[in-house]
Structure formats: structure tokens, C-alpha cells
Amino acid sequence: MAASQHAIHISLQLCQAQLFDCRSTVDRLSNSIAARRMAPKGRKRSSMPEATNDTLRYLSQCGTRTGLSNALVHLSDAGWLRPNVMQGLQSGARRKLSRAMSDHANVSTPYGTVIQQMRLPLIKLPLWDYAHPLALLYHLATISTAFGDLMAESVVPGVPMRVVIYIDEICPGNPLRPDKARTLQAIYWCLADWPQWVLQRTAAWPCFGTIRSSIVKDLPGGVAQLMKRILNVFWPPTGDSFMNGVTIFVRSMPILVTGIFAGFLADEKAHKELTGTKGASGSKICITCNNVFNRVKESALVAGTVCIACCDPGLFQYNTNASTYEAYDHIAANHHDSDLQQCLGLKSDPNGLLHDAHIRTIYKPVDHTLRDWQHTIVGGGVANVECARVLAALSDHGISLDVVTMFLLQFKLPKVHGKVEPGWLATKRRGKKWKSLQSFSSTLLSLIPIMAMFLLEVIDEPAHPLFDHMQCFWRLRMIVGILQLGPSNAMQHVQRLRQLIREHAELFTTLYAGHEKPKFHHLFHIVDNMVFLGKLLSCFVTERKHRTTKRCALFVFRCIESVVIKDMISRQCEQIRSESESIFAETYMVRSKPYNIAGSIIHRALGAVLPCGSLHAGDFVWLNTNVVALVISFWSAERAKNISSQVETYTRLNDRATQWRTESNTIFVGSECVVSALIYSRTDESTLFVIPAASSYL
Ligand SMILES: [Zn+2]
């Protein structure tokens, strides 16, 4: 049934639902009371289930396995646990905890076991446990029909899927720990051909492995050498390879999945380590351009070269993959010439990715450097600098930060984004020199639209001295707004994005000269990466996945690599097996309740995940009819399909579409009609001030 028809269907049934609502509540209460009266005393105690693997996996995150098993035994001896709690653990709580953490690791597939070992030339870690990608894909398709269906829908016969590998450093436990003994390199991967909503779910990204940074440091070539070995697992010169493909079985039908490498998604530091470039600290900061220099005086720049503040992409001279390899070969042949390395921005490394003949058949250094917009813009990036500079300009103009903070505090965020905090603009965050505003990426995503609205409200005419600041910040808000649309939806705005980035850069260099960082230049290449990959990937999803990795590593002090990857894979397999309805569905309802309406079951929920993201009752949303509405609840005959939102629409009061009045007009709309959740402020009972969705300005 189409979503709009479904909305009408739901609308007609709502009145009945409200009538039945009272009756079903009374029925449930009476049933519950009757059940309690009938239940024999002590029955609950005797029917208590044994500890399941899910429980054991959860327990393993609360302490070391030895500590937990000792605690359970002592609690049992003290009589604090019911006798049958320990029944399932009598033969060794520690062993059962370990088994629960690794019950998918040793599963056999035609491509070997899911967890395999890689030999490393290190005394500290001679064998590294990792999850073999082909074996894992085969196993996931075996245990989950939903995952198999996803693969079947994503595969185009004869066209290889595109594998993106992500690497980042994480620190489980105390982040302020002075040494790096427990810092881990976490490696995840995904198939860029998966649909947008799957690419945005942490459970879908498989973990390849984790390894201590201190160990990677001992490896000749460091992260580049590690990644060379990882690429050799995906695409070895001989044997099972993504190039030849993995045959998975979906509903008993064989499907061949082949794959090619499509890029590294990483932050600036990891890209530097992978490509063997000099990075942000060098004079050549970009592997894509051969004429962009940093830390070089403008007077020293020769004709045809530009500095990182250049905002005309037409002046960038692009490297090709072939020219980069050519430059590297020249450096390798003259590896004692440090000036040459500095001039070309590459380091000679016999253990690096660029040096290996087989890796050259897989890896394209220019195309495969995928910049992540989270780190480039809101994670210590362009937006952090621009927020601090705009606040400085406001302060110089006599508008104190207290006024801006008061404006911020009027607003409420969509429930999933938390609350506006008074300390967002605190002095300690922007520093005395107003160089950069330290902030979480998620905070900046909420802060940018509110600050843009503040500037728009305060600076209302072109003659205002801060008019250009407003124009620049407004473009930043639009850039972020487009990027937030997601991996696939942002693709339709590539041209607009390219134009906005250029206009923003021109204003930025005029207003904040000297504050351009290497990320200012990398922002131009985000669009290039989008065009190459056909998707916009960001590190938001992988950074969320780090929470799971950190929990797995928190109480592990021996064989951390082996224990963490086994635990990660077991958790992912179990999650995909049991929660496939929510992981692979584009839309689903959260904690829905069934209602029997005239013989047919209909589900209602106060929360749902729609194409625009998570929504809750009480959130205000922007509809594709350019109308603001209040979410009342979500209805559907199936929990994960054809979800209709019951909303109360508002009437527009001004041209800017910021002021709206309630009319108490309740309608039902399909999930595709909801564009985004809104940041809003209630001016009085019936009037609302909202910040319109970025897409409404496109
Ligand atoms: Zn460049």
C-alpha cells in the first residue's frame, strides 16, 4: 500500500483506535491481575531462565572475566543469588563468559573460520586475530535472511561492489591516560553500494580487527605496513579474494559478491600515515594537488603554485594516480634527497603502500583518499575556526557572548539531540585568542543553525558592518545542511555544494585571513570524493561504533586484540540475527504497541526512525510541503514499513518561515513527507519560532 493511501487508511481508523484504546487498557489490566491471582507462589522463582549468552556478553562489559566469575561465586555462596542463577554457570563461569564472547569466532565457512590469524614480524604480537571479510560475509548471510536480502538487492551482476576501509585510533578507559599502552587502532569496513540507511547504522559496518598503536609503531612502516597486510587479505595475489568473489547463499540461492577497493575513510592524521605524505605539518598538505603549499611565504611561491588559502579550484593542478606513483618512484630512487621529498610532499618508505607492486594494482593514492566531512568541518575543522572568529567579530562590534548565549538558550533541540547547554560558548572553549571553538561535532551541528539564525536576525541589511560575516556563516550553515542529508541524498546537491564551498571560501579568506588551516583546503576535495565514490561517507557512524569497541576492550588486559575482535564479531552477528528488522529497514518504529482495531492489528509508537532520522513525539518537523508540524505519534500496520506520522500542522506567519501558529489541524503523512526535525522556540502557547530546514533554502 502506498504511504499516502496508508495515511488515509490510518486516519479513518484513528477514531476507532482511540475508542479501543481505553477498552484494551482495561483488558490488559484485568488480564494482568487475573494472571497474578492464578500464578502459584514461587513459580516465578523456579521458572527463572538460565543466563543466556546475551546476559553473559553484557556481564563481560562490567569487569574482567575472572573478576566477574569470582563475584558471581561469592554472591551465590552468600545466598544473594537464587540457586538456579548459578545452575548454568556451575561448570565454570569464566569459561562460559569467554565462550559467550566468542561464539561466532570459530564458525567454519568455505573461506576458513570467521576469525583468522595473520603473522606479523613482531615478538610482542606474532599472530594477529582478525575477522576475515569473505568468511564474515558468508556467515552473516547464513545466519540472517535480512542481511542476505540486503546483499541480493545491492549486488549488480557483473559489477564489483566497492569496499571502503576505515581506520582510527581509540582509547578505551581513561582518555587522559598519559601513555598510549591501551590505545587501539580500530579498523572497520563497509560496502559503499549499501543503501543510505544501512551505511548510517553502526551494526552494519563489520570490524576487521583492532591492534594496539604501540604494536603498530614497532611494525616497519607502521600504519601503512599494517594496511598493506589488510589489503592483502581482501585482495591477495593468490587464493580467495574479493576480486574473485564470495559466494553467499540467500534463501538457498547462490549469489556471487565481488568487490574492488574504493578508498580509505579516515581523519587527516591517518591519511598522512597511510599515504606516506607529510600531512598538515609539511609544506605540501594535499596528495590530490601538486601546486598547493602550506608554511611557505606568499613571496616565495613561484608562478603556478598557490597557498592553502587559495579559493579558486580552477588554479589547483590535480595529480593523477599515475603521476603520484611516478613522483614516488623518483623519490625512492633518490631517497637521500630530503629537499625532493619536501618539494613533492611524499616520503620514501620501502614498507609503505606506494612501494608495493601488488598493492599498486589495488590502491589509487589520489582517488582513494576519502576526506571525511566530520573531521574537515566540525571536528576541529573549518566550522570551529569560523564560529570563534564570528564570535570575536560580534564581540568587537559590542554584541557580547551573553546575548548570543541567551538567544541560544531559548531554543529546544529535537529530542535525539539533547539540550542547548549554557557552556557551549564558554571562554574556556574559545580560548583567549578566539582561534577555534572547542566543541563536540554533534554540538556544532546544533550550534551552527542557531548562530546562523542569530546573525540573520541581528544583521538585517547589507549596510551592516557584519553583513559579510553573516553571509559567510550562512553559507557554512548551508554546506553543513546539505552534507547532513546523508550518503545518497546529498549527492543530488553536488553542484550547489561546490558553488557554496567556493563562495564560502572567498568570504572566509577576506574576513579571516591567516586563519586558513589545511582543512580549509581539504574542504574543496570533499565534493571530488563524493563524485568519485558516488556516495558521501562520514565518520559519524564509525565514531558511534567506537563506543561498542571501547566497551569490548574496557576490562580486557591480556590478548586484547584477540578478545576484542571475537567479542565485536559475536555482538555484531547476534545483533544482525536478532535485530535485522531495525538494522536493515529504512524505517521502523521504536517500542511500538499493537492495537486490535475491528479485527486488524495496527501498531502505534511514540518514536520512529524515518528516512530523515530518529523522531519522537513532541518533536517539530519540516514537511516536504514546506509546512511545520508537531509529531503526535506514529502508526503502521507493519512495524517497519509504511509508517504514517500523526502530526499537528502549523500556519506560517512571516515570509522567512520562522514564525508559525498552531491551528490544531491533525493530519497523517507518509514517512517520505517528513524532511527533518527542527530546532524551535516557543514564544507563547500558540506561537512558535523555528529554524527552517536547510533544504527549504535549496
Ligand atoms: Zn588539494
# chains A, B, ... in the order shown; residues from 1 in each chain; ligands from 1
call {"tool": "residues_around", "arguments": {"residues": "A:Ala677", "least_positions_apart": "6", "cutoff": "7 Å", "atoms": "only C-alpha atoms", "output": "list of chain:residue names"}}
result
A:Pro414, A:Asp619, A:Phe620, A:Val621, A:Trp622
call {"tool": "select_by_dssp", "arguments": {"residues": "stretch 573-636 of chain A", "states": "strand (DSSP E)", "output": "PDB file with C-alpha atoms, in the first residue's frame"}}
result
ATOM      1  CA  TYR A 588      10.964   1.277  11.801  1.00  0.00           C
ATOM      2  CA  MET A 589       9.012   2.064  14.919  1.00  0.00           C
ATOM      3  CA  VAL A 590      10.592   2.147  18.361  1.00  0.00           C
ATOM      4  CA  LYS A 593       2.329  -1.298  20.868  1.00  0.00           C
ATOM      5  CA  PRO A 594      -0.235  -3.331  18.919  1.00  0.00           C
ATOM      6  CA  TYR A 595      -3.896  -2.354  18.940  1.00  0.00           C
ATOM      7  CA  ASN A 596      -6.673  -4.621  17.751  1.00  0.00           C
ATOM      8  CA  ILE A 597      -8.981  -2.446  15.700  1.00  0.00           C
ATOM      9  CA  SER A 600      -6.981  -5.993  12.338  1.00  0.00           C
ATOM     10  CA  ILE A 601      -3.769  -5.256  14.219  1.00  0.00           C
ATOM     11  CA  ILE A 602      -2.301  -1.777  13.987  1.00  0.00           C
ATOM     12  CA  HIS A 603       0.883  -0.612  15.738  1.00  0.00           C
ATOM     13  CA  ARG A 604       1.389   2.734  17.440  1.00  0.00           C
ATOM     14  CA  ALA A 605       4.653   4.202  18.741  1.00  0.00           C
ATOM     15  CA  GLY A 607       9.306   7.054  18.475  1.00  0.00           C
ATOM     16  CA  ALA A 608      10.366   6.018  14.991  1.00  0.00           C
ATOM     17  CA  VAL A 609      13.333   6.018  12.675  1.00  0.00           C
ATOM     18  CA  LEU A 610      12.343   7.579   9.351  1.00  0.00           C
ATOM     19  CA  GLY A 613      16.483  10.214  11.152  1.00  0.00           C
ATOM     20  CA  SER A 614      15.157   9.435  14.629  1.00  0.00           C
ATOM     21  CA  LEU A 615      11.987  11.236  15.654  1.00  0.00           C
ATOM     22  CA  HIS A 616       9.943  11.305  18.839  1.00  0.00           C
ATOM     23  CA  PHE A 620       8.659  19.616  15.443  1.00  0.00           C
ATOM     24  CA  VAL A 621       9.285  18.628  11.837  1.00  0.00           C
ATOM     25  CA  TRP A 622       9.569  20.273   8.449  1.00  0.00           C
ATOM     26  CA  LEU A 623       7.275  18.644   5.878  1.00  0.00           C
ATOM     27  CA  VAL A 628       5.896  22.949  10.139  1.00  0.00           C
ATOM     28  CA  ALA A 629       4.180  20.238  12.171  1.00  0.00           C
ATOM     29  CA  LEU A 630       4.242  18.779  15.670  1.00  0.00           C
ATOM     30  CA  VAL A 631       4.694  14.996  15.874  1.00  0.00           C
ATOM     31  CA  ILE A 632       1.939  13.304  17.880  1.00  0.00           C
ATOM     32  CA  SER A 633       2.679   9.610  17.216  1.00  0.00           C
ATOM     33  CA  PHE A 634       3.479   7.023  14.565  1.00  0.00           C
ATOM     34  CA  TRP A 635       1.092   4.401  13.169  1.00  0.00           C
ATOM     35  CA  SER A 636       1.548   1.391  10.943  1.00  0.00           C
TER      36      SER A 636
END
call {"tool": "residues_near_ligand", "arguments": {"ligand": "ligand 1", "cutoff": "6 Å", "atoms": "only C-alpha atoms and all ligand atoms", "output": "PDB file with C-alpha atoms, in the first residue's frame"}}
result
ATOM      1  CA  CYS A 286      47.457  17.626  -0.263  1.00  0.00           C
ATOM      2  CA  THR A 288      45.431  15.487  -4.768  1.00  0.00           C
ATOM      3  CA  CYS A 289      47.039  18.795  -5.786  1.00  0.00           C
TER       4      CYS A 289
END
call {"tool": "closest_residue", "arguments": {"among": "A:Gly423, A:Pro172, A:Pro178, A:Gly263", "to": "A:Ala192", "atoms": "only C-alpha atoms"}}
result
A:Gly263
call {"tool": "residues_around", "arguments": {"residues": "A:Phe147", "least_positions_apart": "2", "cutoff": "9 Å", "atoms": "only C-alpha atoms", "output": "count of residues only"}}
result
15
call {"tool": "closest_residue", "arguments": {"among": "A:Thr376, A:Thr666, A:Ser76, A:Ser102", "to": "A:Ile569", "atoms": "only C-alpha atoms"}}
result
A:Ser102
call {"tool": "closest_residue", "arguments": {"among": "A:Tyr697, A:Phe440, A:Trp80, A:Phe316", "to": "A:Gly481", "atoms": "only C-alpha atoms"}}
result
A:Tyr697
